[in-house]
Amino acid sequence: MTIVSTEPDEELELPEQMQIRRDKRNKLAAQGLDPYPVALPITATIASVRLQFPDLEIDVQTGIKVGLAGRVIFVRNTGKLCFATLRAGDGTEIQGMLSLAKVGEEALDQWKSLVDLGDHVFIAGEVITSKRGELSVLADTWTMASKSLRPLPVAHKPMNDDSRIRQRYLDLIMRPEARQMAQTRITAVGQIRRSLEARGYQEIETPMLQTMHGGATARPFITTSNAFDLQLFLRIAPELFLKRAVVGGMERVFEINRNFRNEGSDSTHSPEFAMLEFYQAYADYREMAKLTRELIQEAAQAVFGSQVVTHMDGTEHDLSGEWREVSLYGSLSEAVGEEITPQTPRTRLVELAKSVGLEVGTTWVEGKIVEELFEHHVISTFDGQPTFVMDFPIDTSPLTRDHRSEAGKVEKWDLYINGYEQATGYSELVDPVVQRERLMEQSALGARGDVEAMKLDEDFLRALEHGMPPSGGVGIGVDRLLMTLTGLGIRETILFPLVKPERA
RNA sequence: GGGAUGCUAGCUCAAUGGUAGAGCUGCGGACUUUUAAUCCGUAGGUUCGGGGUUCGAGCCCCCGGCGUCCCA
């Protein structure tokens, strides 16, 4: 450990309140009281005390002694009797009481002069209720558990959004909804793991640093290995490695982990985001759609005790039962009033796009135009209802197998909930010859300037050539699932989302 | 990418182009049953950064930074 003090210069610039807290820290040390003790004789949690004494009468002495710690969030000091509300990390609270009679004059004076809002303190004493009936610990002794050198935000006004996200720890301290959001994520992701494991799935971890990125169309983050003198990519999807695992005989695998895409962020996109992908040998996309619905319903059940989801704004969304299916081409045809098929000429698609103000990118293939038209015309008609959109164009889905009965389409669905894409599922393309052709087409697109086109991954193709069982696969955006469950933006579902530095 | 809008005390916010204020927090004092304790007193500012207009800029103009909302 290095001890380098730059204090004298810094101290001159500190805001008064921070300087005062530093002074208190130093006073504690000067009085032989460690402001950051290494261990405390804790015998109970705040939650356990509340659980043990759920409804005591007013002004009761239990005779039970406990030692517990918490963060001071309110203080009410009177002359010879002091009150403080202590809060634990789980949000549970209990009142600490310090009386002159019990702790003595020196300890009481130290309490009043050295404890600030935000400090962690340890209190040892008897569990009682006050004359107003508040469950309390009447201290025999108190100890500083950790001196806070910065003031907390005011408890009675909402912090601004920027501070809440940049300093999520403060958000978690101050706002029950922030703690609840974190807990909701834990519950939902835990349930997904249990649901998949209950169906015989195994969780594995595949590379985040990849020598070739694949499995999706997106721009990657690029980095370098110094030791290997090698350009590496942060993965945009785990798909190609999970499929290698299926080739290797892991017939039901899933991974919950981070993907990275070098794009902007908005209320539904983050440059790094959590993705669940799962693959099941001998399943097709319809079977995977059913499993996807069950996973989301079971996650909702775990969080809310119901498949009717209640957002934080109070609105309810029913996720129970079967979910609607619409055909991509069919629903688009209906919306534009003419039959659109994979055989519709590009010139007609471009006309339709222009007629609604869509600018057709120079690298767009026909399927891309169809998908954009679909998003423009159809998604708003879903009314937020969970909807599987079935059967996509071939040329935008290079990893999906041809439709078993409809030319020009692949067996792929997208799931929309509340108007945004929540999940996607395939009957996976396992024919290595066709897969090579598809990736060759992607390479051609790349050569024409499409920076998102997939690369030709020879090692992946070699794995396929060893024979991958017919399989279904699904990707579910975990952050978006949390958005579906809570109604919040993606930056609320991610505990520490990427934010630009405050000073350039 | 385009448009709108915001950045002021530790926090949340005020302030016709004319002396930068309030509440909470802090500090000093009173109080042995408080619950956002109360009461008395008091301190606290590079108004995001840079440039310009003006007798005078938190406010108007330009450039930059960091957000938020809407649109594509």
# chains A, B, ... in the order shown; residues from 1 in each chain; ligands from 1
>>> interface_residues(of="chain B", to="chain A", cutoff="7 Å", atoms="only C-alpha atoms (C1' of nucleotides)", output="mmCIF file with all heavy atoms, in the first residue's frame")
data_model
loop_
_atom_site.group_PDB
_atom_site.id
_atom_site.type_symbol
_atom_site.label_atom_id
_atom_site.label_comp_id
_atom_site.auth_asym_id
_atom_site.auth_seq_id
_atom_site.Cartn_x
_atom_site.Cartn_y
_atom_site.Cartn_z
ATOM 1 P P G B 10 -21.417 23.784 -2.974
ATOM 2 O OP1 G B 10 -20.445 23.988 -1.880
ATOM 3 O OP2 G B 10 -21.040 23.936 -4.386
ATOM 4 O "O5'" G B 10 -22.055 22.320 -2.805
ATOM 5 C "C5'" G B 10 -21.221 21.163 -2.881
ATOM 6 C "C4'" G B 10 -21.935 20.011 -2.257
ATOM 7 O "O4'" G B 10 -22.101 20.301 -0.850
ATOM 8 C "C3'" G B 10 -23.360 19.777 -2.781
ATOM 9 O "O3'" G B 10 -23.335 18.889 -3.878
ATOM 10 C "C2'" G B 10 -24.087 19.212 -1.572
ATOM 11 O "O2'" G B 10 -23.805 17.838 -1.436
ATOM 12 C "C1'" G B 10 -23.400 19.953 -0.424
ATOM 13 N N9 G B 10 -24.091 21.188 -0.015
ATOM 14 C C8 G B 10 -23.512 22.420 0.078
ATOM 15 N N7 G B 10 -24.331 23.349 0.497
ATOM 16 C C5 G B 10 -25.521 22.682 0.697
ATOM 17 C C6 G B 10 -26.780 23.170 1.149
ATOM 18 O O6 G B 10 -27.084 24.319 1.480
ATOM 19 N N1 G B 10 -27.736 22.164 1.200
ATOM 20 C C2 G B 10 -27.498 20.853 0.857
ATOM 21 N N2 G B 10 -28.549 20.046 0.963
ATOM 22 N N3 G B 10 -26.344 20.381 0.429
ATOM 23 C C4 G B 10 -25.398 21.343 0.378
ATOM 24 P P C B 11 -24.279 19.179 -5.189
ATOM 25 O OP1 C B 11 -23.852 18.211 -6.215
ATOM 26 O OP2 C B 11 -24.312 20.622 -5.489
ATOM 27 O "O5'" C B 11 -25.730 18.749 -4.686
ATOM 28 C "C5'" C B 11 -26.029 17.390 -4.442
ATOM 29 C "C4'" C B 11 -27.448 17.266 -3.922
ATOM 30 O "O4'" C B 11 -27.546 17.960 -2.654
ATOM 31 C "C3'" C B 11 -28.510 17.933 -4.786
ATOM 32 O "O3'" C B 11 -28.936 17.081 -5.839
ATOM 33 C "C2'" C B 11 -29.617 18.215 -3.783
ATOM 34 O "O2'" C B 11 -30.336 17.035 -3.495
ATOM 35 C "C1'" C B 11 -28.810 18.597 -2.540
ATOM 36 N N1 C B 11 -28.589 20.050 -2.396
ATOM 37 C C2 C B 11 -29.640 20.835 -1.945
ATOM 38 O O2 C B 11 -30.735 20.296 -1.713
ATOM 39 N N3 C B 11 -29.449 22.164 -1.765
ATOM 40 C C4 C B 11 -28.260 22.703 -2.031
ATOM 41 N N4 C B 11 -28.122 24.015 -1.841
ATOM 42 C C5 C B 11 -27.170 21.931 -2.517
ATOM 43 C C6 C B 11 -27.373 20.615 -2.680
ATOM 44 P P U B 12 -29.516 17.715 -7.195
ATOM 45 O OP1 U B 12 -29.825 16.596 -8.098
ATOM 46 O OP2 U B 12 -28.613 18.802 -7.630
ATOM 47 O "O5'" U B 12 -30.890 18.391 -6.733
ATOM 48 C "C5'" U B 12 -31.998 17.571 -6.395
ATOM 49 C "C4'" U B 12 -33.179 18.434 -6.024
ATOM 50 O "O4'" U B 12 -32.871 19.183 -4.812
ATOM 51 C "C3'" U B 12 -33.539 19.507 -7.038
ATOM 52 O "O3'" U B 12 -34.295 18.993 -8.117
ATOM 53 C "C2'" U B 12 -34.314 20.493 -6.176
ATOM 54 O "O2'" U B 12 -35.618 20.023 -5.936
ATOM 55 C "C1'" U B 12 -33.536 20.436 -4.857
ATOM 56 N N1 U B 12 -32.532 21.515 -4.753
ATOM 57 C C2 U B 12 -32.950 22.733 -4.250
ATOM 58 O O2 U B 12 -34.097 22.930 -3.905
ATOM 59 N N3 U B 12 -31.983 23.692 -4.169
ATOM 60 C C4 U B 12 -30.659 23.570 -4.543
ATOM 61 O O4 U B 12 -29.904 24.534 -4.413
ATOM 62 C C5 U B 12 -30.294 22.287 -5.060
ATOM 63 C C6 U B 12 -31.226 21.321 -5.147
ATOM 64 P P C B 24 -35.715 24.647 6.349
ATOM 65 O OP1 C B 24 -36.585 24.304 7.492
ATOM 66 O OP2 C B 24 -34.732 25.737 6.470
ATOM 67 O "O5'" C B 24 -34.941 23.336 5.890
ATOM 68 C "C5'" C B 24 -35.622 22.092 5.786
ATOM 69 C "C4'" C B 24 -34.809 21.099 5.000
ATOM 70 O "O4'" C B 24 -34.506 21.652 3.689
ATOM 71 C "C3'" C B 24 -33.429 20.767 5.561
ATOM 72 O "O3'" C B 24 -33.474 19.840 6.632
ATOM 73 C "C2'" C B 24 -32.746 20.207 4.326
ATOM 74 O "O2'" C B 24 -33.220 18.906 4.033
ATOM 75 C "C1'" C B 24 -33.250 21.168 3.247
ATOM 76 N N1 C B 24 -32.305 22.291 3.109
ATOM 77 C C2 C B 24 -31.142 22.059 2.359
ATOM 78 O O2 C B 24 -30.988 20.945 1.836
ATOM 79 N N3 C B 24 -30.231 23.038 2.218
ATOM 80 C C4 C B 24 -30.439 24.222 2.801
ATOM 81 N N4 C B 24 -29.518 25.165 2.641
ATOM 82 C C5 C B 24 -31.611 24.488 3.570
ATOM 83 C C6 C B 24 -32.507 23.502 3.696
ATOM 84 P P U B 25 -32.405 19.941 7.789
ATOM 85 O OP1 U B 25 -32.638 18.820 8.709
ATOM 86 O OP2 U B 25 -32.420 21.334 8.292
ATOM 87 O "O5'" U B 25 -31.011 19.730 7.053
ATOM 88 C "C5'" U B 25 -30.647 18.466 6.544
ATOM 89 C "C4'" U B 25 -29.316 18.545 5.844
ATOM 90 O "O4'" U B 25 -29.376 19.510 4.758
ATOM 91 C "C3'" U B 25 -28.155 19.041 6.694
ATOM 92 O "O3'" U B 25 -27.623 18.038 7.545
ATOM 93 C "C2'" U B 25 -27.169 19.493 5.627
ATOM 94 O "O2'" U B 25 -26.548 18.393 5.010
ATOM 95 C "C1'" U B 25 -28.121 20.151 4.621
ATOM 96 N N1 U B 25 -28.265 21.587 4.923
ATOM 97 C C2 U B 25 -27.203 22.408 4.584
ATOM 98 O O2 U B 25 -26.187 21.995 4.060
ATOM 99 N N3 U B 25 -27.378 23.730 4.888
ATOM 100 C C4 U B 25 -28.472 24.307 5.499
ATOM 101 O O4 U B 25 -28.482 25.511 5.718
ATOM 102 C C5 U B 25 -29.523 23.384 5.820
ATOM 103 C C6 U B 25 -29.391 22.090 5.520
ATOM 104 P P G B 26 -27.123 18.404 8.982
ATOM 105 O OP1 G B 26 -26.576 17.175 9.582
ATOM 106 O OP2 G B 26 -28.187 19.162 9.671
ATOM 107 O "O5'" G B 26 -25.932 19.420 8.690
ATOM 108 C "C5'" G B 26 -24.770 18.991 7.986
ATOM 109 C "C4'" G B 26 -23.795 20.125 7.856
ATOM 110 O "O4'" G B 26 -24.388 21.180 7.063
ATOM 111 C "C3'" G B 26 -23.424 20.810 9.158
ATOM 112 O "O3'" G B 26 -22.410 20.100 9.846
ATOM 113 C "C2'" G B 26 -22.939 22.166 8.667
ATOM 114 O "O2'" G B 26 -21.643 22.070 8.137
ATOM 115 C "C1'" G B 26 -23.917 22.431 7.527
ATOM 116 N N9 G B 26 -25.079 23.240 7.930
ATOM 117 C C8 G B 26 -26.387 22.837 7.981
ATOM 118 N N7 G B 26 -27.204 23.788 8.350
ATOM 119 C C5 G B 26 -26.380 24.889 8.555
ATOM 120 C C6 G B 26 -26.700 26.207 8.957
ATOM 121 O O6 G B 26 -27.805 26.686 9.226
ATOM 122 N N1 G B 26 -25.566 27.010 9.054
ATOM 123 C C2 G B 26 -24.286 26.589 8.783
ATOM 124 N N2 G B 26 -23.327 27.504 8.931
ATOM 125 N N3 G B 26 -23.981 25.368 8.395
ATOM 126 C C4 G B 26 -25.071 24.573 8.304
ATOM 127 P P C B 31 -30.477 22.426 27.647
ATOM 128 O OP1 C B 31 -30.525 22.473 29.108
ATOM 129 O OP2 C B 31 -29.262 21.928 26.953
ATOM 130 O "O5'" C B 31 -31.712 21.571 27.130
ATOM 131 C "C5'" C B 31 -33.022 21.840 27.640
ATOM 132 C "C4'" C B 31 -34.049 21.107 26.801
ATOM 133 O "O4'" C B 31 -33.977 21.601 25.424
ATOM 134 C "C3'" C B 31 -33.816 19.612 26.651
ATOM 135 O "O3'" C B 31 -34.285 18.882 27.780
ATOM 136 C "C2'" C B 31 -34.611 19.320 25.383
ATOM 137 O "O2'" C B 31 -35.995 19.298 25.650
ATOM 138 C "C1'" C B 31 -34.294 20.551 24.539
ATOM 139 N N1 C B 31 -33.142 20.337 23.636
ATOM 140 C C2 C B 31 -33.392 19.852 22.348
ATOM 141 O O2 C B 31 -34.569 19.656 22.002
ATOM 142 N N3 C B 31 -32.362 19.608 21.507
ATOM 143 C C4 C B 31 -31.113 19.829 21.922
ATOM 144 N N4 C B 31 -30.122 19.585 21.073
ATOM 145 C C5 C B 31 -30.816 20.319 23.229
ATOM 146 C C6 C B 31 -31.850 20.548 24.046
ATOM 147 P P U B 32 -33.406 17.592 28.273
ATOM 148 O OP1 U B 32 -33.303 17.660 29.737
ATOM 149 O OP2 U B 32 -32.179 17.454 27.449
ATOM 150 O "O5'" U B 32 -34.364 16.373 27.897
ATOM 151 C "C5'" U B 32 -34.586 16.011 26.544
ATOM 152 C "C4'" U B 32 -35.151 14.622 26.473
ATOM 153 O "O4'" U B 32 -34.139 13.666 26.881
ATOM 154 C "C3'" U B 32 -36.366 14.402 27.370
ATOM 155 O "O3'" U B 32 -37.261 13.545 26.677
ATOM 156 C "C2'" U B 32 -35.778 13.644 28.563
ATOM 157 O "O2'" U B 32 -36.693 12.824 29.223
ATOM 158 C "C1'" U B 32 -34.698 12.810 27.862
ATOM 159 N N1 U B 32 -33.614 12.372 28.750
ATOM 160 C C2 U B 32 -33.369 11.008 28.810
ATOM 161 O O2 U B 32 -34.000 10.197 28.156
ATOM 162 N N3 U B 32 -32.359 10.645 29.652
ATOM 163 C C4 U B 32 -31.598 11.482 30.423
ATOM 164 O O4 U B 32 -30.723 11.015 31.131
ATOM 165 C C5 U B 32 -31.924 12.883 30.313
ATOM 166 C C6 U B 32 -32.900 13.275 29.506
ATOM 167 P P U B 33 -38.786 14.077 26.484
ATOM 168 O OP1 U B 33 -38.710 15.504 26.132
ATOM 169 O OP2 U B 33 -39.603 13.609 27.635
ATOM 170 O "O5'" U B 33 -39.286 13.273 25.205
ATOM 171 C "C5'" U B 33 -38.725 13.543 23.913
ATOM 172 C "C4'" U B 33 -39.235 12.519 22.931
ATOM 173 O "O4'" U B 33 -38.510 11.287 23.151
ATOM 174 C "C3'" U B 33 -40.713 12.204 23.096
ATOM 175 O "O3'" U B 33 -41.269 11.902 21.828
ATOM 176 C "C2'" U B 33 -40.692 10.927 23.948
ATOM 177 O "O2'" U B 33 -41.821 10.111 23.759
ATOM 178 C "C1'" U B 33 -39.432 10.255 23.409
ATOM 179 N N1 U B 33 -38.787 9.320 24.362
ATOM 180 C C2 U B 33 -38.903 7.972 24.113
ATOM 181 O O2 U B 33 -39.505 7.526 23.147
ATOM 182 N N3 U B 33 -38.287 7.157 25.015
ATOM 183 C C4 U B 33 -37.579 7.545 26.114
ATOM 184 O O4 U B 33 -37.062 6.691 26.839
ATOM 185 C C5 U B 33 -37.516 8.960 26.320
ATOM 186 C C6 U B 33 -38.115 9.788 25.455
ATOM 187 P P U B 34 -42.309 12.938 21.107
ATOM 188 O OP1 U B 34 -42.496 14.104 21.972
ATOM 189 O OP2 U B 34 -43.462 12.116 20.671
ATOM 190 O "O5'" U B 34 -41.536 13.375 19.785
ATOM 191 C "C5'" U B 34 -40.588 14.436 19.813
ATOM 192 C "C4'" U B 34 -39.465 14.119 18.877
ATOM 193 O "O4'" U B 34 -38.689 13.016 19.412
ATOM 194 C "C3'" U B 34 -39.913 13.620 17.506
ATOM 195 O "O3'" U B 34 -40.200 14.704 16.640
ATOM 196 C "C2'" U B 34 -38.697 12.830 17.036
ATOM 197 O "O2'" U B 34 -37.691 13.693 16.542
ATOM 198 C "C1'" U B 34 -38.193 12.228 18.347
ATOM 199 N N1 U B 34 -38.616 10.832 18.553
ATOM 200 C C2 U B 34 -37.970 9.851 17.818
ATOM 201 O O2 U B 34 -37.118 10.115 17.002
ATOM 202 N N3 U B 34 -38.378 8.579 18.078
ATOM 203 C C4 U B 34 -39.335 8.180 18.970
ATOM 204 O O4 U B 34 -39.584 6.984 19.097
ATOM 205 C C5 U B 34 -39.957 9.251 19.696
ATOM 206 C C6 U B 34 -39.583 10.506 19.466
ATOM 207 P P A B 36 -41.187 11.985 9.256
ATOM 208 O OP1 A B 36 -42.292 12.935 9.403
ATOM 209 O OP2 A B 36 -41.466 10.619 8.769
ATOM 210 O "O5'" A B 36 -40.101 12.625 8.294
ATOM 211 C "C5'" A B 36 -38.785 12.093 8.253
ATOM 212 C "C4'" A B 36 -37.808 13.216 8.005
ATOM 213 O "O4'" A B 36 -38.167 13.887 6.773
ATOM 214 C "C3'" A B 36 -37.832 14.289 9.094
ATOM 215 O "O3'" A B 36 -36.520 14.839 9.229
ATOM 216 C "C2'" A B 36 -38.727 15.371 8.508
ATOM 217 O "O2'" A B 36 -38.447 16.665 8.987
ATOM 218 C "C1'" A B 36 -38.358 15.260 7.030
ATOM 219 N N9 A B 36 -39.420 15.744 6.158
ATOM 220 C C8 A B 36 -40.711 15.330 6.088
ATOM 221 N N7 A B 36 -41.426 15.966 5.205
ATOM 222 C C5 A B 36 -40.543 16.855 4.649
ATOM 223 C C6 A B 36 -40.676 17.823 3.656
ATOM 224 N N6 A B 36 -41.815 18.049 3.026
ATOM 225 N N1 A B 36 -39.598 18.557 3.336
ATOM 226 C C2 A B 36 -38.452 18.320 3.984
ATOM 227 N N3 A B 36 -38.195 17.435 4.941
ATOM 228 C C4 A B 36 -39.283 16.732 5.223
ATOM 229 P P A B 37 -35.764 14.431 10.500
ATOM 230 O OP1 A B 37 -34.502 15.195 10.534
ATOM 231 O OP2 A B 37 -35.778 12.988 10.542
ATOM 232 O "O5'" A B 37 -36.705 14.957 11.681
ATOM 233 C "C5'" A B 37 -36.766 16.323 11.989
ATOM 234 C "C4'" A B 37 -37.918 16.547 12.925
ATOM 235 O "O4'" A B 37 -37.641 15.897 14.200
ATOM 236 C "C3'" A B 37 -38.153 17.999 13.309
ATOM 237 O "O3'" A B 37 -38.919 18.675 12.318
ATOM 238 C "C2'" A B 37 -38.905 17.858 14.622
ATOM 239 O "O2'" A B 37 -40.246 17.503 14.413
ATOM 240 C "C1'" A B 37 -38.169 16.665 15.252
ATOM 241 N N9 A B 37 -37.063 17.082 16.116
ATOM 242 C C8 A B 37 -35.722 16.974 15.867
ATOM 243 N N7 A B 37 -34.974 17.426 16.833
ATOM 244 C C5 A B 37 -35.885 17.860 17.786
ATOM 245 C C6 A B 37 -35.723 18.447 19.053
ATOM 246 N N6 A B 37 -34.548 18.694 19.597
ATOM 247 N N1 A B 37 -36.844 18.766 19.724
ATOM 248 C C2 A B 37 -38.035 18.517 19.174
ATOM 249 N N3 A B 37 -38.300 17.961 17.985
ATOM 250 C C4 A B 37 -37.181 17.658 17.353
ATOM 251 P P G B 65 -18.196 19.422 -28.052
ATOM 252 O OP1 G B 65 -17.605 18.177 -28.582
ATOM 253 O OP2 G B 65 -19.534 19.865 -28.493
ATOM 254 O "O5'" G B 65 -18.220 19.336 -26.465
ATOM 255 C "C5'" G B 65 -17.033 19.016 -25.744
ATOM 256 C "C4'" G B 65 -17.323 18.978 -24.273
ATOM 257 O "O4'" G B 65 -17.716 20.297 -23.820
ATOM 258 C "C3'" G B 65 -18.488 18.099 -23.860
ATOM 259 O "O3'" G B 65 -18.123 16.732 -23.799
ATOM 260 C "C2'" G B 65 -18.855 18.677 -22.498
ATOM 261 O "O2'" G B 65 -17.938 18.255 -21.516
ATOM 262 C "C1'" G B 65 -18.650 20.172 -22.754
ATOM 263 N N9 G B 65 -19.891 20.839 -23.148
ATOM 264 C C8 G B 65 -20.262 21.234 -24.410
ATOM 265 N N7 G B 65 -21.437 21.819 -24.441
ATOM 266 C C5 G B 65 -21.858 21.806 -23.119
ATOM 267 C C6 G B 65 -23.046 22.299 -22.519
ATOM 268 O O6 G B 65 -23.993 22.869 -23.060
ATOM 269 N N1 G B 65 -23.067 22.077 -21.148
ATOM 270 C C2 G B 65 -22.070 21.453 -20.435
ATOM 271 N N2 G B 65 -22.274 21.329 -19.133
ATOM 272 N N3 G B 65 -20.955 20.994 -20.975
ATOM 273 C C4 G B 65 -20.914 21.201 -22.306
ATOM 274 P P C B 66 -19.163 15.589 -24.242
ATOM 275 O OP1 C B 66 -18.422 14.317 -24.277
ATOM 276 O OP2 C B 66 -19.907 16.048 -25.433
ATOM 277 O "O5'" C B 66 -20.165 15.553 -23.021
ATOM 278 C "C5'" C B 66 -19.686 15.259 -21.717
ATOM 279 C "C4'" C B 66 -20.757 15.534 -20.694
ATOM 280 O "O4'" C B 66 -21.031 16.956 -20.632
ATOM 281 C "C3'" C B 66 -22.119 14.933 -21.014
ATOM 282 O "O3'" C B 66 -22.174 13.552 -20.718
ATOM 283 C "C2'" C B 66 -23.031 15.784 -20.144
ATOM 284 O "O2'" C B 66 -22.939 15.401 -18.784
ATOM 285 C "C1'" C B 66 -22.393 17.169 -20.294
ATOM 286 N N1 C B 66 -23.042 17.938 -21.382
ATOM 287 C C2 C B 66 -24.201 18.647 -21.053
ATOM 288 O O2 C B 66 -24.623 18.601 -19.895
ATOM 289 N N3 C B 66 -24.830 19.363 -22.017
ATOM 290 C C4 C B 66 -24.344 19.380 -23.259
ATOM 291 N N4 C B 66 -24.997 20.096 -24.174
ATOM 292 C C5 C B 66 -23.156 18.658 -23.619
ATOM 293 C C6 C B 66 -22.546 17.959 -22.654
ATOM 294 P P G B 67 -23.342 12.656 -21.349
ATOM 295 O OP1 G B 67 -23.011 11.261 -21.047
ATOM 296 O OP2 G B 67 -23.640 13.067 -22.737
ATOM 297 O "O5'" G B 67 -24.551 13.085 -20.422
ATOM 298 C "C5'" G B 67 -25.850 13.093 -20.930
ATOM 299 C "C4'" G B 67 -26.736 13.773 -19.924
ATOM 300 O "O4'" G B 67 -26.453 15.199 -19.922
ATOM 301 C "C3'" G B 67 -28.209 13.664 -20.248
ATOM 302 O "O3'" G B 67 -28.734 12.464 -19.735
ATOM 303 C "C2'" G B 67 -28.779 14.908 -19.597
ATOM 304 O "O2'" G B 67 -28.919 14.723 -18.198
ATOM 305 C "C1'" G B 67 -27.653 15.921 -19.838
ATOM 306 N N9 G B 67 -27.821 16.677 -21.092
ATOM 307 C C8 G B 67 -26.957 16.690 -22.161
ATOM 308 N N7 G B 67 -27.362 17.475 -23.129
ATOM 309 C C5 G B 67 -28.547 18.012 -22.662
ATOM 310 C C6 G B 67 -29.442 18.929 -23.267
ATOM 311 O O6 G B 67 -29.345 19.473 -24.370
ATOM 312 N N1 G B 67 -30.531 19.197 -22.439
ATOM 313 C C2 G B 67 -30.736 18.653 -21.209
ATOM 314 N N2 G B 67 -31.842 19.020 -20.562
ATOM 315 N N3 G B 67 -29.911 17.794 -20.626
ATOM 316 C C4 G B 67 -28.839 17.522 -21.409
#
>>> residues_around(residues="Leu68 (chain A)", least_positions_apart="5", cutoff="12 Å", atoms="only C-alpha atoms (C1' of nucleotides)", output="VMD selection string")
chain A and resid 40 to 50 86 to 88 93 to 96 120 to 127 136 to 139 141 to 145
>>> select_by_dssp(residues="region 203-333 of chain A", states="alpha helix (DSSP H)", output="ChimeraX atom specification")
/A:239-247,285-304,328-333
>>> atom_distance(atom1="CA of Ala300 (chain A)", atom2="CA of Glu203 (chain A)")
21.1 Å
>>> closest_residue(among="A:Val356, A:Leu14, A:Val326, A:Ala423", to="Leu295 (chain A)", atoms="only C-alpha atoms")
A:Ala423
>>> closest_residue(among="B:G17, B:A4, B:U35, B:A9", to="U53 (chain B)", atoms="only C-alpha atoms (C1' of nucleotides)")
B:G17
>>> select_by_dssp(residues="region 72-189 of chain A", states="strand (DSSP E or B)", output="count of residues only")
42
>>> atom_distance(atom1="CA of Pro271 (chain A)", atom2="CA of Leu498 (chain A)")
7.7 Å
>>> closest_residue(among="A:Leu149, A:Leu276, A:Ile165, A:Ala216", to="Gly475 (chain A)", atoms="only C-alpha atoms")
A:Leu276
>>> residues_around(residues="region 371-386 of chain A", least_positions_apart="4", cutoff="8 Å", atoms="only C-alpha atoms (C1' of nucleotides)", output="NGL selection string")
:A and (319 or 323-324 or 328 or 331-332 or 335-336 or 352-353 or 367 or 415-419)
>>> atom_distance(atom1="CA of Glu458 (chain A)", atom2="CA of Thr217 (chain A)")
17.3 Å
>>> residues_around(residues="Val433 (chain A)", least_positions_apart="6", cutoff="10 Å", atoms="only C-alpha atoms (C1' of nucleotides)", output="VMD selection string")
chain A and resid 461 464 to 465
>>> write_last_selection(atoms="N, CA and C atoms", output="PDB file, in the first residue's frame")
ATOM      1  N   LEU A 461     -17.548 -22.492 -39.871  1.00  0.00           N
ATOM      2  CA  LEU A 461     -18.002 -23.367 -40.956  1.00  0.00           C
ATOM      3  C   LEU A 461     -17.411 -24.768 -40.809  1.00  0.00           C
ATOM      4  N   LEU A 464     -19.528 -26.588 -38.399  1.00  0.00           N
ATOM      5  CA  LEU A 464     -20.793 -27.027 -39.011  1.00  0.00           C
ATOM      6  C   LEU A 464     -20.590 -28.239 -39.904  1.00  0.00           C
ATOM      7  N   GLU A 465     -19.450 -28.258 -40.570  1.00  0.00           N
ATOM      8  CA  GLU A 465     -19.197 -29.361 -41.494  1.00  0.00           C
ATOM      9  C   GLU A 465     -19.064 -30.697 -40.760  1.00  0.00           C
TER      10      GLU A 465
END
>>> closest_residue(among="A:Gln61, A:Thr400, A:Ser146, A:Thr224", to="Ser471 (chain A)", atoms="only C-alpha atoms")
A:Thr400
>>> closest_residue(among="A:Ala245, A:Leu291, A:Ile128, A:Leu349", to="Ala463 (chain A)", atoms="only C-alpha atoms")
A:Ala245
>>> closest_residue(among="A:Ile369, A:Leu439, A:Ala29, A:Ile73", to="Lys354 (chain A)", atoms="only C-alpha atoms")
A:Ile369
>>> decode(residues="region 139-164 of chain A", atoms="C-alpha atoms", output="compact mmCIF listing (two decimals), in the first residue's frame")
# COMPACT_ATOMS: atom_id res chain seq x y z
CA ALA A 139 -27.60 1.95 22.93
CA ASP A 140 -25.24 0.88 25.64
CA THR A 141 -22.39 1.80 23.31
CA TRP A 142 -21.97 3.14 19.82
CA THR A 143 -19.08 2.97 17.36
CA MET A 144 -18.37 4.66 14.06
CA ALA A 145 -18.51 1.90 11.43
CA SER A 146 -17.53 4.07 8.45
CA LYS A 147 -17.26 7.84 8.34
CA SER A 148 -18.83 9.35 5.23
CA LEU A 149 -16.84 12.28 3.87
CA ARG A 150 -19.52 13.54 1.51
CA PRO A 151 -23.00 14.75 2.34
CA LEU A 152 -25.98 12.73 1.11
CA PRO A 153 -28.49 14.34 -1.24
CA VAL A 154 -31.58 15.72 0.50
CA ALA A 155 -33.94 12.87 1.16
CA HIS A 156 -37.12 14.71 0.33
CA LYS A 157 -36.44 15.89 -3.20
CA PRO A 158 -35.72 13.62 -6.16
CA MET A 159 -32.14 13.66 -7.38
CA ASN A 160 -31.78 14.70 -10.98
CA ASP A 161 -31.54 11.89 -13.54
CA ASP A 162 -27.95 12.55 -14.41
CA SER A 163 -26.72 12.25 -10.81
CA ARG A 164 -28.88 9.20 -10.23
